[in-house]
file upload.pdb (PDB, C-alpha atoms)
ATOM      1  CA  LYS T  74     126.882  87.431 102.445
ATOM      2  CA  GLN T  75     125.176  89.684  99.932
ATOM      3  CA  GLU T  76     126.823  89.890  96.513
ATOM      4  CA  VAL T  77     125.776  92.147  93.661
ATOM      5  CA  THR T  78     126.629  91.393  90.059
ATOM      6  CA  GLN T  79     126.197  93.558  86.988
ATOM      7  CA  ILE T  80     126.321  92.068  83.532
ATOM      8  CA  PRO T  81     127.581  93.043  81.045
ATOM      9  CA  ALA T  82     130.630  94.934  82.261
ATOM     10  CA  ALA T  83     130.514  97.072  79.138
ATOM     11  CA  LEU T  84     127.937  97.769  76.473
ATOM     12  CA  SER T  85     128.080  99.786  73.266
ATOM     13  CA  VAL T  86     124.930 100.577  71.299
ATOM     14  CA  PRO T  87     123.929 103.017  68.545
ATOM     15  CA  GLU T  88     122.061 106.146  69.482
ATOM     16  CA  GLY T  89     118.308 105.812  69.604
ATOM     17  CA  GLU T  90     118.152 102.213  70.747
ATOM     18  CA  ASN T  91     116.348 101.065  73.832
ATOM     19  CA  LEU T  92     118.545  99.085  76.189
ATOM     20  CA  VAL T  93     118.495  97.139  79.426
ATOM     21  CA  LEU T  94     121.150  96.961  82.108
ATOM     22  CA  ASN T  95     121.056  94.072  84.549
ATOM     23  CA  CYS T  96     121.774  93.798  88.246
ATOM     24  CA  SER T  97     121.475  90.621  90.315
ATOM     25  CA  PHE T  98     121.844  90.047  94.032
ATOM     26  CA  THR T  99     122.173  86.882  96.066
ATOM     27  CA  ASP T 100     120.140  87.706  99.194
ATOM     28  CA  SER T 101     116.554  88.800  98.687
ATOM     29  CA  ALA T 102     116.382  90.382 102.167
ATOM     30  CA  ILE T 103     117.034  93.932 101.010
ATOM     31  CA  TYR T 104     115.610  97.251 102.146
ATOM     32  CA  ASN T 105     115.914  98.875  98.746
ATOM     33  CA  LEU T 106     117.914  98.991  95.546
ATOM     34  CA  GLN T 107     119.454 102.094  94.076
ATOM     35  CA  TRP T 108     120.751 102.831  90.574
ATOM     36  CA  PHE T 109     123.511 105.376  90.084
ATOM     37  CA  ARG T 110     125.279 106.972  87.184
ATOM     38  CA  GLN T 111     128.963 107.875  87.234
ATOM     39  CA  ASP T 112     130.632 110.010  84.608
ATOM     40  CA  PRO T 113     134.426 109.616  84.211
ATOM     41  CA  GLY T 114     136.304 111.176  87.108
ATOM     42  CA  LYS T 115     133.102 112.331  88.768
ATOM     43  CA  GLY T 116     131.022 111.406  91.752
ATOM     44  CA  LEU T 117     127.876 109.311  91.628
ATOM     45  CA  THR T 118     124.463 110.628  90.722
ATOM     46  CA  SER T 119     121.444 108.828  92.086
ATOM     47  CA  LEU T 120     119.053 107.853  89.308
ATOM     48  CA  LEU T 121     116.344 105.759  90.911
ATOM     49  CA  LEU T 122     115.604 104.259  94.290
ATOM     50  CA  ILE T 123     113.263 101.269  94.503
ATOM     51  CA  GLN T 124     111.999 100.342  97.937
ATOM     52  CA  SER T 125     111.698  96.645  98.742
ATOM     53  CA  SER T 126     107.909  96.897  98.589
ATOM     54  CA  GLN T 127     107.956  98.404  95.104
ATOM     55  CA  ARG T 128     108.315  96.701  91.756
ATOM     56  CA  GLU T 129     109.414  99.620  89.622
ATOM     57  CA  GLN T 130     110.283 103.292  89.478
ATOM     58  CA  THR T 131     110.334 105.651  86.533
ATOM     59  CA  SER T 132     112.140 108.895  85.855
ATOM     60  CA  GLY T 133     111.957 110.336  82.368
ATOM     61  CA  ARG T 134     113.451 107.838  79.928
ATOM     62  CA  LEU T 135     114.594 105.571  82.753
ATOM     63  CA  ASN T 136     112.624 102.729  84.254
ATOM     64  CA  ALA T 137     113.979 100.448  86.944
ATOM     65  CA  SER T 138     112.326  97.224  88.008
ATOM     66  CA  LEU T 139     112.858  95.048  91.050
ATOM     67  CA  ASP T 140     112.091  91.362  91.456
ATOM     68  CA  LYS T 141     113.216  90.380  94.928
ATOM     69  CA  SER T 142     112.215  86.740  94.595
ATOM     70  CA  SER T 143     114.570  86.215  91.683
ATOM     71  CA  GLY T 144     117.191  88.632  92.987
ATOM     72  CA  ARG T 145     117.124  90.840  89.930
ATOM     73  CA  SER T 146     116.773  94.434  88.906
ATOM     74  CA  THR T 147     116.858  95.960  85.458
ATOM     75  CA  LEU T 148     117.422  99.521  84.341
ATOM     76  CA  TYR T 149     115.664 100.269  81.088
ATOM     77  CA  ILE T 150     116.846 103.282  79.075
ATOM     78  CA  ALA T 151     114.564 104.364  76.261
ATOM     79  CA  ALA T 152     115.712 106.152  73.124
ATOM     80  CA  SER T 153     119.353 106.259  74.188
ATOM     81  CA  GLN T 154     121.405 109.391  73.585
ATOM     82  CA  PRO T 155     125.187 110.017  73.529
ATOM     83  CA  GLY T 156     124.768 111.897  76.809
ATOM     84  CA  ASP T 157     123.685 108.639  78.448
ATOM     85  CA  SER T 158     127.249 107.357  78.083
ATOM     86  CA  ALA T 159     128.515 106.663  81.584
ATOM     87  CA  THR T 160     129.048 103.860  84.036
ATOM     88  CA  TYR T 161     125.865 102.653  85.703
ATOM     89  CA  LEU T 162     126.066 101.111  89.167
ATOM     90  CA  CYS T 163     123.476  99.357  91.218
ATOM     91  CA  ALA T 164     123.591  98.911  94.969
ATOM     92  CA  VAL T 165     121.350  97.175  97.488
ATOM     93  CA  TRP T 166     120.802  98.104 101.086
ATOM     94  CA  GLY T 167     121.690  95.191 103.318
ATOM     95  CA  ASN T 168     121.895  95.270 107.105
ATOM     96  CA  TYR T 169     123.467  98.680 107.442
ATOM     97  CA  GLN T 170     125.283  99.512 104.275
ATOM     98  CA  LEU T 171     125.030  99.560 100.523
ATOM     99  CA  ILE T 172     126.471  96.553  98.710
ATOM    100  CA  TRP T 173     127.726  97.514  95.265
ATOM    101  CA  GLY T 174     127.970  95.997  91.855
ATOM    102  CA  ALA T 175     131.067  96.723  89.770
ATOM    103  CA  GLY T 176     129.039  98.644  87.203
ATOM    104  CA  THR T 177     128.245  98.543  83.510
ATOM    105  CA  LYS T 178     130.116 100.953  81.276
ATOM    106  CA  LEU T 179     127.689 102.178  78.653
ATOM    107  CA  ILE T 180     128.757 103.829  75.409
ATOM    108  CA  ILE T 181     126.137 105.301  73.105
ATOM    109  CA  LYS T 182     127.502 105.773  69.595
ATOM    110  CA  PRO T 183     126.220 108.834  67.679
TER     111      PRO T 183
ATOM    112  CA  SER J 249     118.202 121.699  99.103
ATOM    113  CA  GLN J 250     121.076 119.584 100.279
ATOM    114  CA  THR J 251     124.583 119.730  98.884
ATOM    115  CA  ILE J 252     127.729 117.839  99.665
ATOM    116  CA  HIS J 253     131.221 119.184  99.186
ATOM    117  CA  GLN J 254     134.564 117.459  99.058
ATOM    118  CA  TRP J 255     138.036 118.894  98.846
ATOM    119  CA  PRO J 256     140.511 118.843  97.458
ATOM    120  CA  ALA J 257     139.363 117.586  94.068
ATOM    121  CA  THR J 258     142.756 116.102  93.262
ATOM    122  CA  LEU J 259     145.804 115.385  95.347
ATOM    123  CA  VAL J 260     149.246 113.988  94.624
ATOM    124  CA  GLN J 261     151.173 112.964  97.693
ATOM    125  CA  PRO J 262     154.434 111.057  98.262
ATOM    126  CA  VAL J 263     154.517 107.780 100.122
ATOM    127  CA  GLY J 264     154.776 108.317 103.850
ATOM    128  CA  SER J 265     153.166 111.741 103.853
ATOM    129  CA  PRO J 266     150.005 112.538 105.851
ATOM    130  CA  LEU J 267     146.541 112.899 104.387
ATOM    131  CA  SER J 268     143.448 114.885 105.220
ATOM    132  CA  LEU J 269     140.349 114.855 103.039
ATOM    133  CA  GLU J 270     137.310 116.820 104.065
ATOM    134  CA  CYS J 271     133.642 116.396 103.360
ATOM    135  CA  THR J 272     130.826 118.711 104.419
ATOM    136  CA  VAL J 273     127.079 118.497 103.929
ATOM    137  CA  GLU J 274     124.731 121.452 103.778
ATOM    138  CA  GLY J 275     120.983 121.666 104.110
ATOM    139  CA  THR J 276     120.323 118.754 106.430
ATOM    140  CA  SER J 277     121.012 117.790 110.019
ATOM    141  CA  ASN J 278     122.216 114.583 111.663
ATOM    142  CA  PRO J 279     122.968 112.796 108.407
ATOM    143  CA  ASN J 280     124.661 109.430 108.183
ATOM    144  CA  LEU J 281     128.025 109.998 106.544
ATOM    145  CA  TYR J 282     130.162 107.594 104.566
ATOM    146  CA  TRP J 283     133.654 107.362 103.061
ATOM    147  CA  TYR J 284     134.132 105.094 100.071
ATOM    148  CA  ARG J 285     137.150 104.288  97.952
ATOM    149  CA  GLN J 286     136.909 103.355  94.310
ATOM    150  CA  ALA J 287     139.955 101.727  92.751
ATOM    151  CA  ALA J 288     140.392 101.927  88.989
ATOM    152  CA  GLY J 289     137.933  99.618  87.216
ATOM    153  CA  ARG J 290     136.477  98.291  90.446
ATOM    154  CA  GLY J 291     133.404  98.807  92.560
ATOM    155  CA  LEU J 292     133.028 100.972  95.622
ATOM    156  CA  GLN J 293     134.509  99.871  98.906
ATOM    157  CA  LEU J 294     133.009 101.270 102.092
ATOM    158  CA  LEU J 295     135.776 102.517 104.384
ATOM    159  CA  PHE J 296     133.975 104.275 107.234
ATOM    160  CA  TYR J 297     130.512 105.359 108.207
ATOM    161  CA  SER J 298     129.207 107.584 110.943
ATOM    162  CA  VAL J 299     125.753 107.899 112.466
ATOM    163  CA  GLY J 300     126.616 110.906 114.623
ATOM    164  CA  ILE J 301     129.303 113.198 115.984
ATOM    165  CA  GLY J 302     132.259 111.192 117.239
ATOM    166  CA  GLN J 303     130.695 107.901 116.150
ATOM    167  CA  ILE J 304     132.820 106.149 113.552
ATOM    168  CA  SER J 305     132.611 102.585 112.291
ATOM    169  CA  SER J 306     135.406 101.098 110.230
ATOM    170  CA  GLU J 307     134.740  98.506 107.594
ATOM    171  CA  VAL J 308     138.238  97.453 106.607
ATOM    172  CA  PRO J 309     141.556  97.398 108.437
ATOM    173  CA  GLN J 310     143.907  99.936 106.937
ATOM    174  CA  ASN J 311     146.135 102.866 107.735
ATOM    175  CA  LEU J 312     143.291 105.316 107.257
ATOM    176  CA  SER J 313     141.136 106.854 109.953
ATOM    177  CA  ALA J 314     138.029 109.006 109.987
ATOM    178  CA  SER J 315     136.648 111.630 112.307
ATOM    179  CA  ARG J 316     133.419 113.549 112.617
ATOM    180  CA  PRO J 317     134.119 116.675 114.630
ATOM    181  CA  GLN J 318     130.839 118.355 113.671
ATOM    182  CA  ASP J 319     127.413 117.124 112.650
ATOM    183  CA  ARG J 320     127.939 117.742 108.947
ATOM    184  CA  GLN J 321     131.693 117.351 108.661
ATOM    185  CA  PHE J 322     133.509 114.124 107.940
ATOM    186  CA  ILE J 323     137.277 113.878 107.636
ATOM    187  CA  LEU J 324     139.420 111.078 106.245
ATOM    188  CA  SER J 325     143.011 110.991 107.445
ATOM    189  CA  SER J 326     146.213 109.056 107.337
ATOM    190  CA  LYS J 327     149.474 109.552 109.169
ATOM    191  CA  LYS J 328     151.568 107.840 106.489
ATOM    192  CA  LEU J 329     150.262 107.148 102.997
ATOM    193  CA  LEU J 330     150.964 103.929 101.140
ATOM    194  CA  LEU J 331     151.039 103.420  97.380
ATOM    195  CA  SER J 332     147.961 101.237  97.761
ATOM    196  CA  ASP J 333     146.018 104.220  99.133
ATOM    197  CA  SER J 334     145.780 105.690  95.643
ATOM    198  CA  GLY J 335     142.238 105.856  94.361
ATOM    199  CA  PHE J 336     139.092 107.891  94.071
ATOM    200  CA  TYR J 337     137.611 108.787  97.440
ATOM    201  CA  LEU J 338     133.926 109.511  97.681
ATOM    202  CA  CYS J 339     131.942 110.937 100.541
ATOM    203  CA  ALA J 340     128.232 110.268 100.787
ATOM    204  CA  TRP J 341     125.305 110.998 103.067
ATOM    205  CA  ASP J 342     121.796 109.784 103.708
ATOM    206  CA  ARG J 343     119.036 110.355 106.204
ATOM    207  CA  GLY J 344     119.828 107.130 107.956
ATOM    208  CA  GLN J 345     116.422 105.533 107.928
ATOM    209  CA  GLY J 346     117.578 102.214 106.523
ATOM    210  CA  THR J 347     115.719 102.833 103.321
ATOM    211  CA  ALA J 348     117.198 106.190 102.534
ATOM    212  CA  GLU J 349     118.547 107.348  99.217
ATOM    213  CA  GLN J 350     122.285 107.978  99.310
ATOM    214  CA  TYR J 351     123.871 111.089  97.821
ATOM    215  CA  PHE J 352     127.466 111.488  96.793
ATOM    216  CA  GLY J 353     130.028 114.240  96.675
ATOM    217  CA  PRO J 354     132.195 114.978  93.641
ATOM    218  CA  GLY J 355     135.100 112.879  94.914
ATOM    219  CA  THR J 356     138.823 113.344  95.487
ATOM    220  CA  ARG J 357     141.363 111.733  93.186
ATOM    221  CA  LEU J 358     144.358 110.717  95.309
ATOM    222  CA  THR J 359     147.597 109.621  93.701
ATOM    223  CA  VAL J 360     150.344 108.401  95.987
ATOM    224  CA  THR J 361     153.762 108.506  94.330
TER     225      THR J 361
END

call {"tool": "encode", "arguments": {"input": "upload.pdb", "output": "structure tokens"}}
result
Amino acid sequence: KQEVTQIPAALSVPEGENLVLNCSFTDSAIYNLQWFRQDPGKGLTSLLLIQSSQREQTSGRLNASLDKSSGRSTLYIAASQPGDSATYLCAVWGNYQLIWGAGTKLIIKP
Amino acid sequence: SQTIHQWPATLVQPVGSPLSLECTVEGTSNPNLYWYRQAAGRGLQLLFYSVGIGQISSEVPQNLSASRPQDRQFILSSKKLLLSDSGFYLCAWDRGQGTAEQYFGPGTRLTVT
């Protein structure tokens, strides 16, 4: 059974720092991995989708990597800003559904 | 472009009352549709998904039900709400290709009192 873990559960860093969020999964047989952002009380916004054949995807200051063999993905945020404060969730496509991590709550201090 | 709508945005209902949450998608056809619930401080739990009109798969036993009366409409219902039904309900869609990116609606905050 696929399990997705995100560590740490919460992270607080000063503005301007580069940071890495981690996501691990137990079964390497995935179709893809998706990173989402969720602001308090809001729905989820898709940030990056990495197909199983890819190793990374980039969008602006965000870079996501995927290492299926080790069951890991990282989301790198460059030059963090207070507006990046949110909860970040990763999810992997298994047989027919997304399996979710519990998220990392990120706080960027001005 | 595609958009997904959910309503209502918030709802406070007494225990034992019925529930109907609606989700509609615009700008695409034959999407896969999903209902998730997110409890406070926890991850997302898939409740139902649908690959077509009238086709509903349930992931967890509960007193909720789902229906898909039209291609781009997905409804979550209950005949009698329980306190444990409180949570944040999210509707999502994708193109159903197994590797598709999933898109979410704004969610409905349900509080059962």

call {"tool": "resolve_selection", "arguments": {"input": "upload.pdb", "expression": "the PyMOL selection byres ((chain T and resi 162) around 9)", "output": "PDB file with C-alpha atoms, keeping the file's coordinate frame"}}
result
ATOM      1  CA  GLN T  79     126.197  93.558  86.988  1.00  0.00           C
ATOM      2  CA  CYS T  96     121.774  93.798  88.246  1.00  0.00           C
ATOM      3  CA  GLN T 107     119.454 102.094  94.076  1.00  0.00           C
ATOM      4  CA  TRP T 108     120.751 102.831  90.574  1.00  0.00           C
ATOM      5  CA  PHE T 109     123.511 105.376  90.084  1.00  0.00           C
ATOM      6  CA  ARG T 110     125.279 106.972  87.184  1.00  0.00           C
ATOM      7  CA  GLN T 111     128.963 107.875  87.234  1.00  0.00           C
ATOM      8  CA  LEU T 117     127.876 109.311  91.628  1.00  0.00           C
ATOM      9  CA  THR T 160     129.048 103.860  84.036  1.00  0.00           C
ATOM     10  CA  TYR T 161     125.865 102.653  85.703  1.00  0.00           C
ATOM     11  CA  CYS T 163     123.476  99.357  91.218  1.00  0.00           C
ATOM     12  CA  ALA T 164     123.591  98.911  94.969  1.00  0.00           C
ATOM     13  CA  TRP T 173     127.726  97.514  95.265  1.00  0.00           C
ATOM     14  CA  GLY T 174     127.970  95.997  91.855  1.00  0.00           C
ATOM     15  CA  ALA T 175     131.067  96.723  89.770  1.00  0.00           C
ATOM     16  CA  GLY T 176     129.039  98.644  87.203  1.00  0.00           C
ATOM     17  CA  THR T 177     128.245  98.543  83.510  1.00  0.00           C
ATOM     18  CA  LYS T 178     130.116 100.953  81.276  1.00  0.00           C
TER      19      LYS T 178
ATOM     20  CA  GLY J 291     133.404  98.807  92.560  1.00  0.00           C
TER      21      GLY J 291
END

call {"tool": "residues_around", "arguments": {"input": "upload.pdb", "residues": "Gln303 (chain J)", "least_positions_apart": "2", "cutoff": "10 Å", "atoms": "all atoms listed in the file", "output": "list in words"}}
result
Tyr297, Ser298, Val299, Gly300, Ile301, Ser305, Ala314, Ser315, Arg316 and Pro317 of chain J

call {"tool": "residues_around", "arguments": {"input": "upload.pdb", "residues": "Trp283 (chain J)", "least_positions_apart": "4", "cutoff": "7 Å", "atoms": "only C-alpha atoms", "output": "PyMOL selection string"}}
result
chain J and resi 294-297+338-340

call {"tool": "write_last_selection", "arguments": {"input": "upload.pdb", "atoms": "C-alpha atoms", "output": "CSV table (one decimal), in the frame of the given file"}}
result
chain,number,residue,atom,x,y,z
J,294,LEU,CA,133.0,101.3,102.1
J,295,LEU,CA,135.8,102.5,104.4
J,296,PHE,CA,134.0,104.3,107.2
J,297,TYR,CA,130.5,105.4,108.2
J,338,LEU,CA,133.9,109.5,97.7
J,339,CYS,CA,131.9,110.9,100.5
J,340,ALA,CA,128.2,110.3,100.8

call {"tool": "closest_residue", "arguments": {"input": "upload.pdb", "among": "T:Leu139, T:Ala151, T:Val165, T:Leu92", "to": "chain J", "atoms": "all atoms listed in the file"}}
result
T:Val165

call {"tool": "interface_residues", "arguments": {"input": "upload.pdb", "of": "chain T", "to": "chain J", "cutoff": "9 Å", "atoms": "only C-alpha atoms", "output": "VMD selection string"}}
result
chain T and resid 104 to 107 114 to 119 121 to 122 124 to 125 162 166 to 176

call {"tool": "atom_distance", "arguments": {"input": "upload.pdb", "atom1": "CA of Leu324 (chain J)", "atom2": "CA of Pro113 (chain T)"}}
result
22.6 Å

call {"tool": "resolve_selection", "arguments": {"input": "upload.pdb", "expression": "the PyMOL selection byres ((chain T and resi 91) around 12)", "output": "list in words"}}
result
Ser85, Val86, Pro87, Glu88, Gly89, Glu90, Leu92, Val93, Leu94, Arg134, Leu135, Asn136, Leu148, Tyr149, Ile150, Ala151, Ala152, Ser153, Gln154, Asp157 and Ile181 of chain T

call {"tool": "build_atoms", "arguments": {"input": "upload.pdb", "residues": "region 135-158 of chain T", "atoms": "N, CA, C and O atoms", "output": "short mmCIF file (atom, residue, chain, number, x, y, z; two decimals), in the frame of the given file"}}
result
data_model
loop_
_atom_site.label_atom_id
_atom_site.label_comp_id
_atom_site.auth_asym_id
_atom_site.auth_seq_id
_atom_site.Cartn_x
_atom_site.Cartn_y
_atom_site.Cartn_z
N LEU T 135 114.07 106.68 81.96
CA LEU T 135 114.59 105.57 82.75
C LEU T 135 113.47 104.86 83.49
O LEU T 135 112.57 105.50 84.03
N ASN T 136 113.56 103.54 83.49
CA ASN T 136 112.62 102.73 84.25
C ASN T 136 113.42 101.62 84.92
O ASN T 136 114.14 100.88 84.24
N ALA T 137 113.29 101.51 86.21
CA ALA T 137 113.98 100.45 86.94
C ALA T 137 112.95 99.51 87.54
O ALA T 137 111.93 99.95 88.09
N SER T 138 113.22 98.23 87.43
CA SER T 138 112.33 97.22 88.01
C SER T 138 113.06 96.44 89.08
O SER T 138 114.29 96.39 89.10
N LEU T 139 112.28 95.85 89.97
CA LEU T 139 112.86 95.05 91.05
C LEU T 139 112.03 93.78 91.22
O LEU T 139 110.81 93.84 91.37
N ASP T 140 112.72 92.65 91.17
CA ASP T 140 112.09 91.36 91.46
C ASP T 140 112.91 90.72 92.57
O ASP T 140 113.94 90.08 92.31
N LYS T 141 112.44 90.89 93.80
CA LYS T 141 113.22 90.38 94.93
C LYS T 141 113.30 88.86 94.93
O LYS T 141 114.34 88.30 95.28
N SER T 142 112.24 88.21 94.53
CA SER T 142 112.22 86.74 94.60
C SER T 142 113.27 86.12 93.71
O SER T 142 113.86 85.08 94.06
N SER T 143 113.54 86.74 92.58
CA SER T 143 114.57 86.22 91.68
C SER T 143 115.91 86.91 91.87
O SER T 143 116.90 86.54 91.24
N GLY T 144 115.94 87.91 92.73
CA GLY T 144 117.19 88.63 92.99
C GLY T 144 117.68 89.42 91.80
O GLY T 144 118.87 89.41 91.49
N ARG T 145 116.74 90.12 91.14
CA ARG T 145 117.12 90.84 89.93
C ARG T 145 116.51 92.23 89.88
O ARG T 145 115.39 92.45 90.34
N SER T 146 117.28 93.12 89.25
CA SER T 146 116.77 94.43 88.91
C SER T 146 117.26 94.77 87.51
O SER T 146 118.35 94.34 87.10
N THR T 147 116.45 95.50 86.77
CA THR T 147 116.86 95.96 85.46
C THR T 147 116.67 97.47 85.38
O THR T 147 115.74 98.03 85.99
N LEU T 148 117.55 98.10 84.65
CA LEU T 148 117.42 99.52 84.34
C LEU T 148 117.21 99.63 82.84
O LEU T 148 118.08 99.26 82.05
N TYR T 149 116.04 100.12 82.48
CA TYR T 149 115.66 100.27 81.09
C TYR T 149 115.88 101.73 80.69
O TYR T 149 115.38 102.64 81.37
N ILE T 150 116.62 101.93 79.60
CA ILE T 150 116.85 103.28 79.08
C ILE T 150 116.21 103.34 77.69
O ILE T 150 116.59 102.58 76.79
N ALA T 151 115.26 104.22 77.54
CA ALA T 151 114.56 104.36 76.26
C ALA T 151 115.23 105.43 75.40
O ALA T 151 115.74 106.43 75.91
N ALA T 152 115.23 105.17 74.10
CA ALA T 152 115.71 106.15 73.12
C ALA T 152 117.07 106.73 73.56
O ALA T 152 117.20 107.93 73.80
N SER T 153 118.05 105.86 73.63
CA SER T 153 119.35 106.26 74.19
C SER T 153 119.98 107.42 73.41
O SER T 153 119.80 107.56 72.19
N GLN T 154 120.74 108.22 74.14
CA GLN T 154 121.40 109.39 73.58
C GLN T 154 122.89 109.35 73.95
O GLN T 154 123.26 108.75 74.96
N PRO T 155 123.75 110.00 73.18
CA PRO T 155 125.19 110.02 73.53
C PRO T 155 125.44 110.51 74.96
O PRO T 155 126.38 110.04 75.62
N GLY T 156 124.61 111.40 75.44
CA GLY T 156 124.77 111.90 76.81
C GLY T 156 124.49 110.86 77.88
O GLY T 156 124.79 111.08 79.06
N ASP T 157 123.92 109.72 77.48
CA ASP T 157 123.68 108.64 78.45
C ASP T 157 124.96 107.83 78.70
O ASP T 157 124.98 106.96 79.58
N SER T 158 125.99 108.08 77.91
CA SER T 158 127.25 107.36 78.08
C SER T 158 127.82 107.63 79.46
O SER T 158 128.04 108.79 79.84
#
